[in-house]
Amino acid sequence: MTTQTDHPMDGFPVRPLVFDVKKVDPENLVWSRTSPWFSMFINALGLHVPYFERYLIRALSKAKTHLDDPRLLRDVGAIIGQEAHHAKNFMEFNQALVKRYPKLARYEAEAKAYFGQRAQTDTLKELVGFTAGYETFTFLAGALVLQNHDKWFADADPVVKAMWIWHQVEEVEHGAAAFEVYQALFGKHTWYRRRMVIAALMHIAGETHRAFVHMSWREGWWRNPFYGMASVAFCWIMLARFAWNALPVLRGNYHPHQHPIVTTEQNPIQIAWRRFEKAGGNVLEIDHQKMAEMMGVAAPSA
Ligand SMILES: [Fe+2]
Ligand SMILES: [Fe+2]
């Protein structure tokens with residue numbers, strides 16, 4: 001049985017959840033009332049990520065044939081399963097974004113072509129190295145977002161909020177898998193691993209920035225240039241936080257299990273979500289009442 005003392009990365013499962021994104025108001029995709037800037041940031045970040053997730057599936061499926069540790073093989077099977085469900089759900093949500101924001105169709109097509117091409121032509125070392133680099137940030141973002149739930153999306157669309165909590169919990173759970181595959185196959189090449197962490201961050205920043213600027217323009221945030229600039233500054237502060245939290249990753253003896261963001265405190269939402277979902281709780285929509293139920297506290301009065 002899962003207890004609060006379990007490390008979130010131990011024996012993580014595949015959860016084949018399907019979110020009903022049609023319930024999300026297509027005219028209101030700035031879905032966090034607590035922090036509209038945060039919802040735009042995570043929408044911008046999430047546009048290209050499903051194509052990375054497909055790349056990861058290709059990379060780790062290829063790497064699997066070179067591994068023999070049964071525990072790592074199990075984890076690789078589970079991360080592939082989790083990412084397949086992430087990609088499917090977020091691609092569907094992103095269709096709503098593409099309809100509202102005209103330039104996103106091109107950005108999405110470019111992301112698809114970029115990762116599709118690399119999945120075909122990258123060497124095994126490039127596949128696993130870039131995957132491990134990228135997974136550094138999906139893992140760190142997972143932990144950061146859950147830690148800042150109250151500040152960024154306490155009051156939000158229940159379906160999108162539920163999707164992101166699910167995604168971030170699972171990113172933390174499988175946050176060591178790609179790293180361990182890299183270590184098993186190319187562990188001596190620490191400088192290459194570091195380079196891939198930086199390459200992944202640069203790529204994430206470029207993709208997120210251009211989507212954010214376009215979406216903020218389309219939402220009319222630049223009618224007041226100071227507001228527009230402040231929103232883009234928020235986007236860059238978020239990316240800077242990713243970079244700051246990635247500093248321990250550059251150490252030679254790093255392992256995600258020991259990253260301070262996971263070990264200093266187990267995030268209570270993460271613990272509660274995993275327990276609630278495992279007990280058969282419905283996590284497909286999370287409003288105030290569901291959150292209170294999940295956390296085991298009384299629902300706040302409306
Ligand atoms: Fe994912
Ligand atoms: Fe991931």
# chains A, B, ... in the order shown; residues from 1 in each chain; ligands from 1
>>> residues_around(residues="segment 189-204 of chain A", least_positions_apart="6", cutoff="8 Å", atoms="only C-alpha atoms", output="ChimeraX atom specification")
/A:45,129-130,132-134,136-137,243,249-250,252
>>> residues_near_ligand(ligand="ligand 1", cutoff="9 Å", atoms="only C-alpha atoms and all ligand atoms", output="count of residues only")
18
>>> closest_residue(among="A:Pro256, A:Pro102, A:Pro158, A:Pro13", to="Asp25 of chain A", atoms="only C-alpha atoms")
A:Pro158
>>> closest_residue(among="A:Thr131, A:Gln270, A:Asn43, A:Thr121", to="ligand 2", atoms="only C-alpha atoms and all ligand atoms")
A:Thr131
>>> closest_residue(among="A:Lys62, A:Lys161, A:Arg275, A:Arg100", to="Leu127 of chain A", atoms="only C-alpha atoms")
A:Lys62
>>> closest_residue(among="A:Glu180, A:Glu108, A:Asp75, A:Glu285", to="Asp10 of chain A", atoms="only C-alpha atoms")
A:Asp75
>>> residues_around(residues="Thr34 of chain A", least_positions_apart="3", cutoff="10 Å", atoms="only C-alpha atoms", output="number ranges by chain")
A: 31, 37-39, 149-156
>>> closest_residue(among="A:Ala119, A:Ala205, A:Val24, A:Ala113", to="Gly46 of chain A", atoms="only C-alpha atoms")
A:Ala205
>>> closest_residue(among="A:Glu92, A:Asp287, A:Glu219, A:Glu173", to="Val262 of chain A", atoms="only C-alpha atoms")
A:Glu173
>>> atom_distance(atom1="atom CA of Gly206 of chain A", atom2="atom CA of Gln258 of chain A")
28.7 Å
>>> atom_distance(atom1="atom CA of Met215 of chain A", atom2="atom CA of Ala44 of chain A")
7.9 Å
>>> atom_distance(atom1="atom CA of Ile261 of chain A", atom2="atom CA of Trp166 of chain A")
18.0 Å
>>> select_by_dssp(residues="segment 115-203 of chain A", states="alpha helix (DSSP H)", output="VMD selection string")
chain A and resid 115 to 121 124 to 147 149 to 152 158 to 173 177 to 186 190 to 203
